[in-house]
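So this block is run.cif, mmCIF, C-alpha atoms and all ligand atoms:
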```cif
data_my_file
loop_
_atom_site.label_atom_id
_atom_site.label_comp_id
_atom_site.auth_asym_id
_atom_site.auth_seq_id
_atom_site.Cartn_x
_atom_site.Cartn_y
_atom_site.Cartn_z
CA LEU A 1 126.29 -106.78 -129.91
CA PHE A 2 129.04 -104.31 -130.83
CA THR A 3 132.65 -103.94 -129.69
CA CYS A 4 133.55 -100.37 -130.67
CA ILE A 5 133.20 -97.64 -133.27
CA ASP A 6 135.27 -99.04 -136.13
CA HIS A 7 135.30 -95.89 -138.22
CA VAL A 8 133.61 -92.61 -138.95
CA ALA A 9 133.24 -91.80 -142.64
CA TYR A 10 133.87 -88.41 -144.20
CA ALA A 11 132.64 -87.95 -147.77
CA CYS A 12 134.16 -85.49 -150.20
CA PRO A 13 134.82 -85.15 -153.94
CA ASP A 14 138.63 -85.56 -153.75
CA ALA A 15 139.98 -88.20 -151.34
CA ASP A 16 143.65 -87.53 -152.08
CA GLU A 17 143.29 -83.88 -151.20
CA ALA A 18 141.52 -84.70 -147.93
CA VAL A 19 144.02 -87.43 -146.98
CA ALA A 20 146.96 -85.10 -147.58
CA TYR A 21 145.32 -82.49 -145.35
CA TYR A 22 144.75 -85.02 -142.55
CA GLN A 23 148.35 -86.22 -142.83
CA GLU A 24 150.11 -82.88 -143.12
CA THR A 25 147.94 -80.85 -140.78
CA PHE A 26 146.76 -83.34 -138.16
CA GLY A 27 149.45 -86.05 -138.33
CA TRP A 28 147.05 -88.88 -139.26
CA HIS A 29 148.45 -91.98 -141.00
CA GLU A 30 147.13 -93.66 -144.12
CA LEU A 31 146.69 -97.39 -143.36
CA HIS A 32 144.70 -98.73 -146.26
CA ARG A 33 143.05 -97.68 -149.52
CA GLU A 34 140.72 -99.53 -151.79
CA SER A 35 138.28 -98.93 -154.62
CA ASN A 36 134.99 -100.66 -153.89
CA ASP A 37 133.25 -100.87 -157.23
CA GLU A 38 130.04 -102.34 -155.82
CA GLN A 39 129.68 -99.39 -153.44
CA GLY A 40 131.01 -96.91 -156.03
CA VAL A 41 133.62 -95.43 -153.71
CA LEU A 42 137.31 -94.92 -153.25
CA GLU A 43 137.91 -95.32 -149.53
CA VAL A 44 141.04 -94.45 -147.60
CA MET A 45 141.39 -95.49 -143.97
CA VAL A 46 143.41 -93.09 -141.82
CA ALA A 47 144.27 -93.52 -138.15
CA PRO A 48 145.89 -91.47 -135.41
CA ALA A 49 148.81 -93.95 -135.27
CA GLY A 50 150.73 -95.93 -137.89
CA GLU A 51 149.49 -99.24 -136.47
CA LEU A 52 146.06 -100.15 -135.23
CA THR A 53 145.53 -101.14 -131.64
CA GLU A 54 142.56 -103.30 -130.71
CA HIS A 55 139.77 -100.77 -130.45
CA MET A 56 141.24 -97.81 -132.30
CA THR A 57 138.71 -95.84 -134.32
CA GLN A 58 139.69 -94.91 -137.84
CA ILE A 59 138.42 -92.23 -140.19
CA GLN A 60 137.33 -93.43 -143.60
CA ILE A 61 137.75 -90.82 -146.29
CA LEU A 62 135.26 -91.52 -149.06
CA ALA A 63 135.04 -90.15 -152.57
CA PRO A 64 132.61 -91.28 -155.27
CA LEU A 65 133.89 -93.35 -158.19
CA ARG A 66 130.89 -92.23 -160.27
CA PRO A 67 128.23 -89.55 -159.93
CA ASP A 68 125.32 -92.02 -159.65
CA SER A 69 126.83 -93.85 -156.64
CA THR A 70 125.30 -93.39 -153.18
CA VAL A 71 128.09 -91.02 -152.14
CA GLY A 72 127.97 -89.18 -155.47
CA LYS A 73 124.23 -88.58 -155.02
CA TRP A 74 124.75 -87.64 -151.37
CA LEU A 75 127.29 -84.97 -152.42
CA GLU A 76 124.71 -83.47 -154.76
CA ASN A 77 122.53 -82.74 -151.73
CA ASN A 78 125.13 -82.14 -149.01
CA ARG A 79 128.41 -80.35 -148.51
CA PRO A 80 131.46 -82.56 -147.84
CA GLY A 81 131.11 -83.85 -144.29
CA LEU A 82 130.26 -86.77 -142.06
CA HIS A 83 128.43 -89.47 -144.04
CA HIS A 84 128.07 -92.43 -141.65
CA MET A 85 129.61 -94.20 -138.70
CA ALA A 86 130.50 -97.87 -138.51
CA TRP A 87 130.04 -100.09 -135.48
CA ARG A 88 132.28 -103.15 -135.20
CA THR A 89 131.05 -106.63 -134.36
CA ASP A 90 132.60 -110.10 -134.29
CA ASP A 91 129.44 -111.68 -135.71
CA ILE A 92 127.43 -109.71 -138.24
CA ASP A 93 125.01 -112.58 -138.88
CA THR A 94 123.88 -112.77 -135.26
CA VAL A 95 123.75 -108.98 -134.94
CA SER A 96 121.67 -108.70 -138.13
CA ALA A 97 119.19 -111.34 -136.96
CA THR A 98 118.89 -109.69 -133.54
CA LEU A 99 118.36 -106.23 -134.99
CA ARG A 100 115.79 -107.49 -137.51
CA SER A 101 113.89 -109.17 -134.67
CA ARG A 102 113.81 -105.76 -132.99
CA GLY A 103 112.32 -104.14 -136.10
CA VAL A 104 115.48 -102.46 -137.36
CA ARG A 105 115.61 -101.87 -141.12
CA LEU A 106 118.84 -103.21 -142.66
CA LEU A 107 119.69 -102.30 -146.24
CA TYR A 108 120.92 -105.68 -147.47
CA ASP A 109 119.51 -109.20 -147.05
CA GLU A 110 123.05 -110.54 -146.79
CA PRO A 111 126.32 -108.79 -145.84
CA LYS A 112 128.37 -107.32 -148.67
CA HIS A 113 132.10 -106.83 -149.20
CA GLY A 114 133.60 -103.96 -147.21
CA THR A 115 136.96 -102.46 -146.44
CA HIS A 116 139.88 -104.86 -146.06
CA ASN A 117 137.73 -107.96 -146.73
CA SER A 118 135.29 -107.11 -143.99
CA ARG A 119 131.59 -108.01 -144.19
CA ILE A 120 129.24 -105.05 -143.99
CA ASN A 121 125.61 -104.06 -143.84
CA PHE A 122 123.89 -100.76 -143.10
CA ILE A 123 121.11 -99.65 -140.78
CA HIS A 124 118.84 -97.32 -142.73
CA PRO A 125 118.92 -93.72 -141.41
CA LYS A 126 115.21 -94.07 -140.59
CA SER A 127 116.15 -96.83 -138.10
CA GLY A 128 119.28 -94.97 -136.97
CA LYS A 129 117.63 -91.86 -135.58
CA GLY A 130 118.66 -89.92 -138.68
CA VAL A 131 122.16 -91.40 -138.91
CA LEU A 132 123.38 -93.93 -141.47
CA ILE A 133 125.07 -96.68 -139.43
CA GLU A 134 127.29 -99.34 -140.96
CA ILE A 135 127.76 -102.71 -139.26
CA VAL A 136 131.23 -104.12 -139.93
CA GLU A 137 132.69 -107.53 -139.16
CA PRO A 138 136.41 -107.28 -139.84
CA ALA A 139 138.14 -110.15 -141.61
CA LYS A 140 139.46 -112.71 -139.15
CA HIS A 141 143.22 -113.08 -139.59
C1 LIG A 201 120.49 -90.34 -147.02
N1 LIG A 201 119.89 -90.00 -145.86
C2 LIG A 201 120.81 -89.95 -144.91
C3 LIG A 201 122.03 -90.27 -145.53
N2 LIG A 201 121.80 -90.51 -146.85
N3 LIG A 201 120.73 -89.68 -143.60
C4 LIG A 201 121.86 -89.71 -142.89
N4 LIG A 201 123.08 -89.99 -143.41
C5 LIG A 201 123.21 -90.28 -144.73
N5 LIG A 201 124.39 -90.57 -145.23
C6 LIG A 201 118.47 -89.74 -145.66
C7 LIG A 201 117.98 -88.57 -146.48
O1 LIG A 201 118.21 -87.37 -145.81
C8 LIG A 201 116.52 -88.88 -146.62
O2 LIG A 201 115.84 -88.52 -145.46
C9 LIG A 201 116.50 -90.39 -146.73
O3 LIG A 201 117.72 -90.85 -146.10
C10 LIG A 201 116.48 -90.88 -148.18
O4 LIG A 201 117.52 -90.19 -148.85
P1 LIG A 201 117.77 -90.20 -150.43
O5 LIG A 201 118.61 -89.02 -150.74
O6 LIG A 201 116.48 -90.42 -151.17
O7 LIG A 201 118.73 -91.43 -150.58
P2 LIG A 201 118.44 -92.93 -150.92
O8 LIG A 201 117.22 -93.43 -150.22
O9 LIG A 201 118.53 -93.09 -152.41
O10 LIG A 201 119.75 -93.57 -150.25
C11 LIG A 201 119.95 -93.53 -148.90
C12 LIG A 201 120.62 -94.82 -148.51
C13 LIG A 201 121.88 -94.96 -149.38
C14 LIG A 201 120.95 -94.77 -147.02
C15 LIG A 201 119.66 -96.01 -148.77
O11 LIG A 201 122.77 -93.89 -149.11
C16 LIG A 201 122.64 -96.24 -149.19
O12 LIG A 201 122.31 -97.26 -149.78
N6 LIG A 201 123.70 -96.22 -148.34
C17 LIG A 201 124.44 -97.45 -148.00
C18 LIG A 201 125.61 -97.65 -148.89
C19 LIG A 201 126.65 -96.55 -148.75
O13 LIG A 201 126.42 -95.52 -148.16
N7 LIG A 201 127.83 -96.80 -149.37
C20 LIG A 201 128.97 -95.87 -149.32
C21 LIG A 201 129.90 -96.25 -148.26
P3 LIG A 201 114.42 -87.79 -145.52
O14 LIG A 201 114.09 -87.55 -144.08
O15 LIG A 201 114.62 -86.54 -146.33
O16 LIG A 201 113.52 -88.80 -146.19
S1 LIG A 201 130.68 -97.79 -148.64
C22 LIG A 201 131.59 -98.18 -147.28
O17 LIG A 201 131.54 -97.47 -146.31
C23 LIG A 201 132.45 -99.43 -147.38
C24 LIG A 201 133.45 -99.29 -148.48
C25 LIG A 201 133.15 -99.80 -146.08
O18 LIG A 201 133.12 -99.10 -145.06
O19 LIG A 201 133.76 -100.87 -146.07
#
```

Write-out of the structure in structure tokens:
Amino acid sequence: LFTCIDHVAYACPDADEAVAYYQETFGWHELHRESNDEQGVLEVMVAPAGELTEHMTQIQILAPLRPDSTVGKWLENNRPGLHHMAWRTDDIDTVSATLRSRGVRLLYDEPKHGTHNSRINFIHPKSGKGVLIEIVEPAKH
């Protein structure tokens, strides 16, 4: 169903401050940034190298665009930290149908817009053994 862990998401109030720390202290590289208004987040993708190789896992640094967004509400209840992980697939429609047939609770009826024109959905934490899991189908170039 899945090919690799696409990214692990870290949520915090100030993405620029966290990105600078990852760059200056750990040598990570910023590859992409985007405001996703529907999700209410600024997201910055950082990677251990300046170019992605096929199955490289990125870190997604998330900050809320508004307090009533999912990440804004999450930060009211949690300290900055790991928010979700994202599993990559080539075919989110087939994966979603398969998981639904196995009783998994997905958040959206249809995939939504995600980072870099990907298509995304989420497995509810109740179906993810306490972990919020994103399913991501990267854009096909
Ligand atoms: C909430 N819960 C979590 C959690 N957030 N568990 C693990 N990880 C998280 N991040 C748990 C709570 O502890 C609680 O468990 C239960 O879920 C309900 O929590 P709540 O505080 O009442 O929150 P809800 O139900 O209002 O919202 C939770 C839900 C929401 C997962 C539905 O966060 C959501 O819609 N997330 C998907 C969208 C999202 O996260 N977008 C931001 C990333 P108990 O046991 O106390 O009941 S956007 C993104 O990542 C895009 C840009 C991309 O990658 O391309």

Could you produce a table of the residues of range 39-86 of chain A lying within 12 Å of range 129-133 of chain A, with the nearest pair of atoms per residue and their separation in Å rounded to one decimal, using all atoms listed in the file, ordered by chain and increasing residue number, as CSV?
```
residue,atom,partner,partner_atom,distance
A:Thr70,CA,A:Leu132,CA,11.9
A:Trp74,CA,A:Leu132,CA,11.8
A:Leu82,CA,A:Val131,CA,9.8
A:His83,CA,A:Leu132,CA,7.2
A:His84,CA,A:Leu132,CA,4.9
A:Met85,CA,A:Ile133,CA,5.2
A:Ala86,CA,A:Ile133,CA,5.6
```

Review point. How would you write, as a PyMOL selection string, the set of residues no farther than 9 Å from ligand LIG 201 (chain A) when counting all atoms listed in the file?
Key: chain A and resi 7-9+11+34-43+60+62-64+69-71+73-74+77+82-86+107-108+112-126+128-136

Practice item. Using CA of Asp16 in chain A and CA of Met45 in chain A as the two end points, give the distance in Å to one decimal. Key: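 These two atoms are separated by 11.6 Å.
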
Exercise for review: Identify, on the basis of only C-alpha atoms, every residue whose closest approach to Arg88 in chain A does not exceed 7 Å; exclude the query and any residue fewer than 4 positions from it along the same chain; express the result as a count of residues only.
Suggested key: 8

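Between CA of Leu99 in chain A and CA of Thr57 in chain A the separation is 22.9 Å.
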
Review point. Which is closest to Leu52 in chain A among A:Glu76, A:Glu24, A:Glu30, A:Asp68, if we use all atoms listed in the file?
Key: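 Going through A:Glu76, A:Glu24, A:Glu30, A:Asp68 one by one, the smallest distance to Leu52 in chain A is for A:Glu30.
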
Exercise for review: Would you please work out which residue, of A:Leu31, A:Ala47, A:Ala18, A:Leu75, is nearest to Ile61 in chain A when using all atoms listed in the file?
Suggested key: A:Ala18

Practice item. Choose the residue, out of A:Ala20, A:Val46, A:Val104, A:Ala139, that has the smallest atom-to-atom separation from Asp91 in chain A; count all atoms listed in the file. Key: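 Using all atoms listed in the file, the shortest distance to Asp91 in chain A belongs to A:Ala139.
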
Practice item. Rank nothing, just name the residue among A:Val44, A:Leu1, A:Cys12, A:Ile59 nearest to Asn78 in chain A, using only C-alpha atoms. Key: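 Selected residue with least distance to Asn78 in chain A: A:Cys12.
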
Where atoms are absent from range 118-140 of chain A, fill them in so it carries N, CA and C atoms, then output it as a PDB file, in the frame of the given file.
```
ATOM      1  N   SER A 118     136.313-107.022-145.032  1.00  0.00           N
ATOM      2  CA  SER A 118     135.290-107.110-143.990  1.00  0.00           C
ATOM      3  C   SER A 118     133.946-107.456-144.619  1.00  0.00           C
ATOM      4  N   ARG A 119     132.977-107.803-143.763  1.00  0.00           N
ATOM      5  CA  ARG A 119     131.590-108.010-144.190  1.00  0.00           C
ATOM      6  C   ARG A 119     130.765-106.880-143.592  1.00  0.00           C
ATOM      7  N   ILE A 120     129.934-106.257-144.442  1.00  0.00           N
ATOM      8  CA  ILE A 120     129.240-105.050-143.990  1.00  0.00           C
ATOM      9  C   ILE A 120     127.744-105.086-144.318  1.00  0.00           C
ATOM     10  N   ASN A 121     126.995-104.364-143.523  1.00  0.00           N
ATOM     11  CA  ASN A 121     125.610-104.060-143.840  1.00  0.00           C
ATOM     12  C   ASN A 121     125.368-102.640-143.300  1.00  0.00           C
ATOM     13  N   PHE A 122     124.201-102.106-143.569  1.00  0.00           N
ATOM     14  CA  PHE A 122     123.890-100.760-143.100  1.00  0.00           C
ATOM     15  C   PHE A 122     122.512-100.737-142.445  1.00  0.00           C
ATOM     16  N   ILE A 123     122.402 -99.957-141.385  1.00  0.00           N
ATOM     17  CA  ILE A 123     121.110 -99.650-140.780  1.00  0.00           C
ATOM     18  C   ILE A 123     120.593 -98.395-141.472  1.00  0.00           C
ATOM     19  N   HIS A 124     119.400 -98.472-142.022  1.00  0.00           N
ATOM     20  CA  HIS A 124     118.840 -97.320-142.730  1.00  0.00           C
ATOM     21  C   HIS A 124     118.751 -96.120-141.774  1.00  0.00           C
ATOM     22  N   PRO A 125     119.006 -94.907-142.285  1.00  0.00           N
ATOM     23  CA  PRO A 125     118.920 -93.720-141.410  1.00  0.00           C
ATOM     24  C   PRO A 125     117.589 -93.613-140.667  1.00  0.00           C
ATOM     25  N   LYS A 126     116.516 -94.144-141.278  1.00  0.00           N
ATOM     26  CA  LYS A 126     115.210 -94.070-140.590  1.00  0.00           C
ATOM     27  C   LYS A 126     115.192 -94.936-139.332  1.00  0.00           C
ATOM     28  N   SER A 127     116.027 -95.993-139.305  1.00  0.00           N
ATOM     29  CA  SER A 127     116.150 -96.830-138.100  1.00  0.00           C
ATOM     30  C   SER A 127     117.325 -96.407-137.236  1.00  0.00           C
ATOM     31  N   GLY A 128     118.086 -95.414-137.705  1.00  0.00           N
ATOM     32  CA  GLY A 128     119.280 -94.970-136.970  1.00  0.00           C
ATOM     33  C   GLY A 128     119.126 -93.573-136.413  1.00  0.00           C
ATOM     34  N   LYS A 129     117.886 -93.188-136.143  1.00  0.00           N
ATOM     35  CA  LYS A 129     117.630 -91.860-135.580  1.00  0.00           C
ATOM     36  C   LYS A 129     118.264 -90.765-136.435  1.00  0.00           C
ATOM     37  N   GLY A 130     118.162 -90.953-137.767  1.00  0.00           N
ATOM     38  CA  GLY A 130     118.660 -89.920-138.680  1.00  0.00           C
ATOM     39  C   GLY A 130     120.110 -90.099-139.092  1.00  0.00           C
ATOM     40  N   VAL A 131     120.752 -91.171-138.587  1.00  0.00           N
ATOM     41  CA  VAL A 131     122.160 -91.400-138.910  1.00  0.00           C
ATOM     42  C   VAL A 131     122.286 -92.712-139.678  1.00  0.00           C
ATOM     43  N   LEU A 132     123.057 -92.701-140.757  1.00  0.00           N
ATOM     44  CA  LEU A 132     123.380 -93.930-141.470  1.00  0.00           C
ATOM     45  C   LEU A 132     124.453 -94.659-140.680  1.00  0.00           C
ATOM     46  N   ILE A 133     124.143 -95.902-140.271  1.00  0.00           N
ATOM     47  CA  ILE A 133     125.070 -96.680-139.430  1.00  0.00           C
ATOM     48  C   ILE A 133     125.467 -97.939-140.189  1.00  0.00           C
ATOM     49  N   GLU A 134     126.774 -98.121-140.338  1.00  0.00           N
ATOM     50  CA  GLU A 134     127.290 -99.340-140.960  1.00  0.00           C
ATOM     51  C   GLU A 134     127.607-100.352-139.853  1.00  0.00           C
ATOM     52  N   ILE A 135     127.339-101.609-140.144  1.00  0.00           N
ATOM     53  CA  ILE A 135     127.760-102.710-139.260  1.00  0.00           C
ATOM     54  C   ILE A 135     128.928-103.380-139.966  1.00  0.00           C
ATOM     55  N   VAL A 136     130.055-103.549-139.278  1.00  0.00           N
ATOM     56  CA  VAL A 136     131.230-104.120-139.930  1.00  0.00           C
ATOM     57  C   VAL A 136     131.814-105.252-139.095  1.00  0.00           C
ATOM     58  N   GLU A 137     131.983-106.385-139.760  1.00  0.00           N
ATOM     59  CA  GLU A 137     132.690-107.530-139.160  1.00  0.00           C
ATOM     60  C   GLU A 137     134.036-107.635-139.859  1.00  0.00           C
ATOM     61  N   PRO A 138     135.105-107.228-139.184  1.00  0.00           N
ATOM     62  CA  PRO A 138     136.410-107.280-139.840  1.00  0.00           C
ATOM     63  C   PRO A 138     136.786-108.703-140.220  1.00  0.00           C
ATOM     64  N   ALA A 139     137.640-108.824-141.234  1.00  0.00           N
ATOM     65  CA  ALA A 139     138.140-110.150-141.610  1.00  0.00           C
ATOM     66  C   ALA A 139     138.893-110.745-140.427  1.00  0.00           C
ATOM     67  N   LYS A 140     138.742-112.045-140.241  1.00  0.00           N
ATOM     68  CA  LYS A 140     139.460-112.710-139.150  1.00  0.00           C
ATOM     69  C   LYS A 140     140.802-113.186-139.703  1.00  0.00           C
TER      70      LYS A 140
END
```
